[in-house]
Protein chains: 2
Amino acid sequence: MLNQLKRVNRSSYEPSYAQLVDIIKEQVSSGKLRAGDRLPSESQLCKFHRVSPMTIRRAINILVEQGIVTTEQGRGTFIKPIQVWEAVFHLDELQHLLEDTQNSEVKILELRLIPADERTASKMSIIIGSHVLYIRRLIYSHGKPFLYHREFLIYDPLRPIVESEMEVTSLKGLFKGEQNSTLKRGTLSIDATILNQEESQILKLCDRSAAFRLEHIFYDFDDKPVSWGWFICPGNYLRFTATVGASNQET
Amino acid sequence: MLNQLKRVNRSSYEPSYAQLVDIIKEQVSSGKLRAGDRLPSESQLCKFHRVSPMTIRRAINILVEQGIVTTEQGRGTFIKPIQVWEAVFHLDELQHLLEDTQNSEVKILELRLIPADERTASKMSIIIGSHVLYIRRLIYSHGKPFLYHREFLIYDPLRPIVESEMEVTSLKGLFKGEQNSTLKRGTLSIDATILNQEESQILKLCDRSAAFRLEHIFYDFDDKPVSWGWFICPGNYLRFTATVGASNQET
DNA sequence: AAGTGGTCTAGACCACTAT
DNA sequence: TAGTGGTCTAGACCACTTT
């Protein structure tokens, strides 16, 4: 009985634990194992695949992380039913567009020191009227504008403005994957919004069309906000996608 | 030298590997370890924390999965700079609203058998004109409509329609976390859109306001589409959020 | 050659669940 | 009591990078 088909191939270059993950995923996606079914016990899997308990455990831990199975101490390991909520959305598409430096370009539309208004002050935990650096950028892909970015940066009068501008490029690092040592964490959120007149003009689109608004706040190592801003991205330029359940194409 | 401060507490109820993960994360979020820094080698960590190599490895593997560090064979383990692209968005908010069965309600607005039009046929890989079950649902939270769902289900004439309706409830299971054995996987995508007249009327909102459109296709174990549909969710009812980098609040 | 991460073993002991 | 998952050990061997 047991798995009948595939065993771990000990002489393969693929690690045993990874082979095991694939074997079990394959059994799920082919329907041999279905939601609610119990996996063979770890000791049974050990004997069948002729690997040590630790190797089996490692494979099962990975399946747990991937949301394929759940474990219940004393009872067994069970295949999870698919749940829509497990869907996870990434910013991959945006990343690839920006990493493609051949075809993407960042243009600074405006850069000036301004006093923080109420909203900015509240977002950045500073006093209203404090000076902040305000930057408007337009990001082009393949020659067409597709992202409009507005950002407020803490301005430190002790440092020359040149260095503040360095911060700008260091922020750019966030999006290009360069090293960055001044920022510790960030929060992001996505809203659905409608382009206003200014935005649609800049992005060369119809007024009042649908768009995503990706807002961000970045914090330094003292947990103080350093940057607040948002990207406007026309809805027809971007789409967030995700999959749930055991897809056959997965690794 | 080394970590100077915290060591793994062997007599704690928290597993050593989890303690190690927390210790290192704390060092990152406090700034003791910064982007690009190298961690002590695994053998050094073994000696310092008096645990076996496997335990260290497990902790480091977890940190790799969480995007905190990267490993380079033969060189060492390094703290990763934060990257916006690591942001991961979930449907938690939607889930919590629907799981709160006290305050949420699903109302079927329409349920009928119709011939598939071109778009439906293409999405579900069926022949134009094949019969599909068309369902319109309105989901209420705290008495207010906040999700409008339209869905097309494969109709199997060999099964009585009652069973097809069962499928409906089984799909509901997807959203309520019940067992489900007929579906294997699904793809989801999020668009930004603008409410049309029908949608805004049903959701009792202003015409042409911003909304998310969450589209889904679910497949059975033969990889055949079983359900295609989309949720319309007003933008001001929902927001997708994510964090990047080492936040102090994390486990 | 020395040091690093990567995989794996063959057990041990524990907590929990079922019977 | 027997079976299950959960943690952990004290090594081994390998591939890789640096010196």
# chains A, B, ... in the order shown; residues from 1 in each chain; ligands from 1
call {"tool": "residues_around", "arguments": {"residues": "DA10 of chain D", "least_positions_apart": "6", "cutoff": "12 Å", "atoms": "only C-alpha atoms (C1' of nucleotides)", "output": "tab-separated table (two decimals) with N, CA and C atoms (P, O5', C5', C4', C3', O3' and C1' of nucleotides), in the first residue's frame"}}
result
chain	number	residue	atom	x	y	z
B	46	CYS	N	26.58	27.55	17.33
B	46	CYS	CA	26.43	26.29	18.07
B	46	CYS	C	27.08	26.40	19.44
B	50	ARG	N	25.08	26.70	22.74
B	50	ARG	CA	25.13	25.32	23.22
B	50	ARG	C	23.97	24.49	22.67
B	51	VAL	N	23.77	24.58	21.37
B	51	VAL	CA	22.78	23.71	20.73
B	51	VAL	C	23.45	23.03	19.55
B	52	SER	N	22.79	22.03	19.00
B	52	SER	CA	23.40	21.26	17.92
B	52	SER	C	23.27	22.01	16.59
B	53	PRO	N	24.10	21.65	15.63
B	53	PRO	CA	24.08	22.32	14.32
B	53	PRO	C	22.69	22.30	13.67
B	54	MET	N	21.99	21.19	13.81
B	54	MET	CA	20.67	21.10	13.18
B	54	MET	C	19.72	22.16	13.71
B	55	THR	N	19.84	22.46	14.98
B	55	THR	CA	18.95	23.46	15.57
B	55	THR	C	19.26	24.85	15.02
C	9	DT	P	18.87	10.25	5.63
C	9	DT	O5'	19.80	9.84	6.84
C	9	DT	C5'	21.11	9.35	6.57
C	9	DT	C4'	21.79	8.95	7.86
C	9	DT	C3'	20.93	8.06	8.78
C	9	DT	O3'	21.73	6.98	9.22
C	9	DT	C1'	21.73	9.94	9.98
C	10	DA	P	21.19	5.50	9.15
C	10	DA	O5'	21.01	5.11	10.68
C	10	DA	C5'	22.10	5.27	11.58
C	10	DA	C4'	21.57	5.47	12.98
C	10	DA	C3'	20.28	4.70	13.31
C	10	DA	O3'	20.40	4.17	14.62
C	10	DA	C1'	19.96	6.95	13.78
C	11	DG	P	19.49	2.97	15.11
C	11	DG	O5'	18.28	3.69	15.90
C	11	DG	C5'	18.31	3.75	17.26
C	11	DG	C4'	18.83	5.12	17.75
C	11	DG	C3'	18.04	5.68	18.90
C	11	DG	O3'	18.48	5.11	20.10
C	11	DG	C1'	18.67	7.39	17.34
C	12	DA	P	17.49	4.74	21.26
C	12	DA	O5'	17.29	6.13	22.01
C	12	DA	C5'	18.42	6.88	22.41
C	12	DA	C4'	17.97	8.26	22.80
C	12	DA	C3'	16.73	8.26	23.69
C	12	DA	O3'	17.11	8.47	25.04
C	12	DA	C1'	16.59	9.91	21.93
call {"tool": "interface_residues", "arguments": {"of": "chain A", "to": "chain C", "cutoff": "7 Å", "atoms": "only C-alpha atoms (C1' of nucleotides)", "output": "PDB file with N, CA and C atoms, in the first residue's frame"}}
result
ATOM      1  N   SER A  52      15.851   9.253   7.147  1.00  0.00           N
ATOM      2  CA  SER A  52      15.734   9.405   8.602  1.00  0.00           C
ATOM      3  C   SER A  52      14.524  10.271   8.946  1.00  0.00           C
ATOM      4  N   GLN A  73      -0.747  17.021  16.569  1.00  0.00           N
ATOM      5  CA  GLN A  73       0.079  16.168  17.433  1.00  0.00           C
ATOM      6  C   GLN A  73      -0.771  15.034  18.006  1.00  0.00           C
ATOM      7  N   GLY A  74      -0.239  13.826  17.905  1.00  0.00           N
ATOM      8  CA  GLY A  74      -0.941  12.667  18.427  1.00  0.00           C
ATOM      9  C   GLY A  74      -1.964  12.089  17.462  1.00  0.00           C
ATOM     10  N   ARG A  75      -2.340  12.848  16.417  1.00  0.00           N
ATOM     11  CA  ARG A  75      -3.353  12.337  15.478  1.00  0.00           C
ATOM     12  C   ARG A  75      -2.786  12.033  14.103  1.00  0.00           C
TER      13      ARG A  75
END
call {"tool": "closest_atom_pairs", "arguments": {"of": "chain B", "to": "chain A", "cutoff": "8 Å", "atoms": "only C-alpha atoms", "output": "CSV"}}
result
residue,atom,partner,partner_atom,distance
B:Ser29,CA,A:Lys184,CA,6.6
B:Ser30,CA,A:Phe221,CA,6.5
B:Gly31,CA,A:Phe221,CA,5.9
B:Arg34,CA,A:Ser181,CA,6.2
B:Ala35,CA,A:Ser181,CA,5.4
B:Gly36,CA,A:Gln179,CA,7.3
B:Pro81,CA,A:Asn180,CA,5.5
B:Ile82,CA,A:Leu174,CA,6.9
B:Gln83,CA,A:Leu174,CA,5.1
B:Val84,CA,A:Leu174,CA,5.9
B:Trp85,CA,A:Leu91,CA,5.5
B:Glu86,CA,A:His90,CA,7.4
B:Ala87,CA,A:His90,CA,6.5
B:Val88,CA,A:His90,CA,5.2
B:Phe89,CA,A:Phe89,CA,5.0
B:His90,CA,A:Val88,CA,5.2
B:Leu91,CA,A:Trp85,CA,5.5
B:Asp92,CA,A:Trp85,CA,6.6
B:Gln95,CA,A:Trp85,CA,6.3
B:Leu174,CA,A:Gln83,CA,5.1
B:Phe175,CA,A:Val84,CA,6.2
B:Gly177,CA,A:Gln83,CA,6.1
B:Glu178,CA,A:Pro81,CA,7.6
B:Gln179,CA,A:Pro81,CA,5.6
B:Asn180,CA,A:Pro81,CA,5.5
B:Ser181,CA,A:Ala35,CA,5.4
B:Leu183,CA,A:Ile82,CA,7.4
B:Lys184,CA,A:Gly245,CA,5.9
B:Arg185,CA,A:Gly245,CA,4.2
B:Gly186,CA,A:Val244,CA,5.2
B:Thr187,CA,A:Thr243,CA,4.4
B:Leu188,CA,A:Ala242,CA,5.1
B:Ser189,CA,A:Thr241,CA,4.1
B:Ile190,CA,A:Phe240,CA,5.0
B:Asp191,CA,A:Arg239,CA,5.6
B:Ala192,CA,A:Gly235,CA,4.9
B:Thr193,CA,A:Ala210,CA,5.0
B:Ile194,CA,A:Ala210,CA,5.8
B:Ser209,CA,A:Ile194,CA,7.4
B:Ala210,CA,A:Thr193,CA,5.0
B:Ala211,CA,A:Ala192,CA,5.5
B:Phe212,CA,A:Ala192,CA,5.9
B:Phe221,CA,A:Gly31,CA,5.9
B:Asp222,CA,A:Ser30,CA,7.8
B:Gly235,CA,A:Ala192,CA,5.0
B:Asn236,CA,A:Asp191,CA,7.8
B:Leu238,CA,A:Asp191,CA,7.6
B:Arg239,CA,A:Asp191,CA,5.5
B:Phe240,CA,A:Ile190,CA,5.0
B:Thr241,CA,A:Ser189,CA,4.2
B:Ala242,CA,A:Leu188,CA,5.1
B:Thr243,CA,A:Thr187,CA,4.4
B:Val244,CA,A:Gly186,CA,5.1
B:Gly245,CA,A:Arg185,CA,4.2
B:Ala246,CA,A:Arg185,CA,5.7
B:Ser247,CA,A:Arg185,CA,6.1
call {"tool": "residues_around", "arguments": {"residues": "segment 108-120 of chain B", "least_positions_apart": "5", "cutoff": "7 Å", "atoms": "only C-alpha atoms (C1' of nucleotides)", "output": "list in words"}}
result
Ile128, Gly129, Ser130, His131, Val132, Leu133, Tyr134, Ile135, Arg136, Arg137 and Leu138 of chain B
call {"tool": "interface_residues", "arguments": {"of": "chain A", "to": "chain D", "cutoff": "12 Å", "atoms": "only C-alpha atoms (C1' of nucleotides)", "output": "PyMOL selection string"}}
result
chain A and resi 13+38-44+53-54+56-58+60-61+70-78
call {"tool": "residues_around", "arguments": {"residues": "Leu5 of chain A", "least_positions_apart": "5", "cutoff": "12 Å", "atoms": "only C-alpha atoms (C1' of nucleotides)", "output": "PyMOL selection string"}}
result
chain A and resi 23-24+26-27+32+48-49
call {"tool": "atom_distance", "arguments": {"atom1": "atom CA of Glu198 of chain A", "atom2": "atom CA of Ser200 of chain B"}}
result
25.4 Å
call {"tool": "select_by_dssp", "arguments": {"residues": "segment 34-135 of chain B", "states": "helix (DSSP H, G or I)", "output": "ChimeraX atom specification"}}
result
/B:42-49,53-65,84-86,92-99,118-123
call {"tool": "select_by_dssp", "arguments": {"residues": "segment 77-248 of chain B", "states": "strand (DSSP E or B)", "output": "NGL selection string"}}
result
:B and (77-79 or 89 or 104-115 or 131-141 or 144-154 or 183-194 or 210-220 or 225-234 or 240-245)
call {"tool": "atom_distance", "arguments": {"atom1": "atom CA of Pro145 of chain B", "atom2": "atom CA of Phe231 of chain B"}}
result
12.3 Å
